[in-house]
Amino acid sequence: MLLKCIALLIVILSQPLFAKEYVLDNDTVIFPGRISRLNKVAKLVRIKINFENAKFLSKNNRIEMWNESVPDKKCFGYLEARSNDYLLIRVPKMQRCLSAVYFAAGSYLHMYSADLENSLITAKELNDVLTRKRTALDARLSRYKREVDGYIEKVDLVNQRYEILRRKLELEWQKELSSVEEDKSRSYLNYQQTVSRLHELDFKMQQYRVRDQNMVEDRWSLDTKLYYKK
């Protein structure tokens with residue numbers, strides 16, 4: 001009993017503390033495709049796809065494929081090339097896939113890649129970092145904007161303050177206005193630089209944006225019970 005308690009304690013202590021774990025659901029990691037061409041001799045299959053997360057697939061990623069009507073029978077291949085609309089997959093066991101998964105031009109398949117899942121997790125982590133940076137920059141931008149917008153009021157206050165003593169304090173008044181304008185220029189420059197950095201972050205966030213849904217709900221029927229995702 002003592003040995004079991006010690007073993008359990010070791011397992012608990014070996015777990016990373018405060019680690020952030022990303023769990024992706026099937027709608028994110030499973031993606032659909034339709035076979036557009038087969039080359040049995042070269043053991044290549046070209047699959048038509050339509051999901052944004054395909055940008056995270058890389059060459060030689062392992063991809064599992066199966067027919068949704070027979071989910072227990074799966075086939076695997078390796079990504080040779082990718083475009084926005086197609087995947088070119090090398091299938092080492094082409095003959096087995098032809099019989100087990102019913103490979104044929106026009107066949108609709110479901111696919112999964114552990115490499116894609118890992119890439120999506122990494123992208124989410126990077127996107128979280130970018131989001132935190134954007135939040136900080138957005139707060140800084142708001143502060144600079146308030147400063148820039150408030151300079152008109154500051155100039156008016158300076159004018160009112162020195163109106164009575166304008167003749168005697170002309171030099172000091174001009175010096176104060178020059179200082180205000182100099183501060184305004186500096187804050188405006190900071191504002192412009194922050195806007196530029198925000199645009200860069202928005203572009204990066206668009207590159208690493210992960211869609212929550214790979215499947216599209218098909219509403220071919222009036223009966224909602226017959227809706228399905230493909």
# chains A, B, ... in the order shown; residues from 1 in each chain; ligands from 1
call {"tool": "residues_around", "arguments": {"residues": "region 69-78 of chain A", "least_positions_apart": "6", "cutoff": "9 Å", "atoms": "only C-alpha atoms", "output": "PyMOL selection string"}}
result
chain A and resi 44+59-63+88-94+96-97+100-101+110
call {"tool": "write_last_selection", "arguments": {"atoms": "N, CA and C atoms", "output": "compact mmCIF listing (two decimals), in the first residue's frame"}}
result
# COMPACT_ATOMS: atom_id res chain seq x y z
N LEU A 44 -0.56 7.97 -56.24
CA LEU A 44 -0.88 9.34 -55.88
C LEU A 44 -2.38 9.57 -56.00
N LYS A 59 4.42 19.53 -46.30
CA LYS A 59 4.86 18.34 -47.04
C LYS A 59 5.32 17.24 -46.08
N ASN A 60 4.98 16.01 -46.44
CA ASN A 60 5.31 14.80 -45.68
C ASN A 60 4.48 14.64 -44.41
N ASN A 61 3.48 15.50 -44.19
CA ASN A 61 2.56 15.27 -43.08
C ASN A 61 1.78 13.98 -43.32
N ARG A 62 1.65 13.16 -42.28
CA ARG A 62 0.90 11.90 -42.39
C ARG A 62 -0.60 12.19 -42.28
N ILE A 63 -1.38 11.66 -43.22
CA ILE A 63 -2.81 11.93 -43.27
C ILE A 63 -3.57 10.60 -43.30
N LEU A 88 -2.19 16.83 -52.81
CA LEU A 88 -1.63 15.70 -53.54
C LEU A 88 -0.99 14.77 -52.52
N ILE A 89 -1.56 13.56 -52.38
CA ILE A 89 -1.15 12.65 -51.31
C ILE A 89 -0.56 11.38 -51.91
N ARG A 90 0.59 10.97 -51.38
CA ARG A 90 1.21 9.71 -51.78
C ARG A 90 0.69 8.61 -50.85
N VAL A 91 0.13 7.56 -51.45
CA VAL A 91 -0.49 6.47 -50.69
C VAL A 91 0.35 5.20 -50.89
N PRO A 92 1.17 4.82 -49.91
CA PRO A 92 2.04 3.65 -50.09
C PRO A 92 1.25 2.37 -50.37
N LYS A 93 0.13 2.16 -49.68
CA LYS A 93 -0.66 0.94 -49.85
C LYS A 93 -1.92 1.26 -50.65
N MET A 94 -1.68 1.61 -51.91
CA MET A 94 -2.77 2.05 -52.76
C MET A 94 -3.81 0.95 -52.98
N ARG A 96 -4.65 -1.60 -51.14
CA ARG A 96 -5.47 -1.83 -49.94
C ARG A 96 -6.52 -0.72 -49.79
N CYS A 97 -6.10 0.51 -50.08
CA CYS A 97 -7.03 1.63 -49.95
C CYS A 97 -8.14 1.56 -50.99
N ALA A 100 -10.42 -1.25 -49.39
CA ALA A 100 -10.93 -1.05 -48.03
C ALA A 100 -11.68 0.27 -47.87
N VAL A 101 -11.16 1.34 -48.46
CA VAL A 101 -11.74 2.67 -48.28
C VAL A 101 -12.59 3.07 -49.49
N HIS A 110 -13.29 11.61 -45.26
CA HIS A 110 -12.90 12.36 -44.07
C HIS A 110 -11.42 12.09 -43.81
call {"tool": "residues_around", "arguments": {"residues": "region 185-202 of chain A", "least_positions_apart": "3", "cutoff": "7 Å", "atoms": "only C-alpha atoms", "output": "MDAnalysis selection string"}}
result
chainID A and resid 130 134 137 141 144:145 148 181:182 205:206
call {"tool": "closest_residue", "arguments": {"among": "A:Ser178, A:Asn67, A:Gln160, A:Gln207", "to": "Tyr108 (chain A)", "atoms": "only C-alpha atoms"}}
result
A:Asn67
call {"tool": "closest_residue", "arguments": {"among": "A:Leu57, A:Asp138, A:Ala104, A:Glu68", "to": "Lys40 (chain A)", "atoms": "only C-alpha atoms"}}
result
A:Ala104
call {"tool": "closest_residue", "arguments": {"among": "A:Ser36, A:Ala123, A:Lys184, A:Thr135", "to": "Asp149 (chain A)", "atoms": "only C-alpha atoms"}}
result
A:Lys184
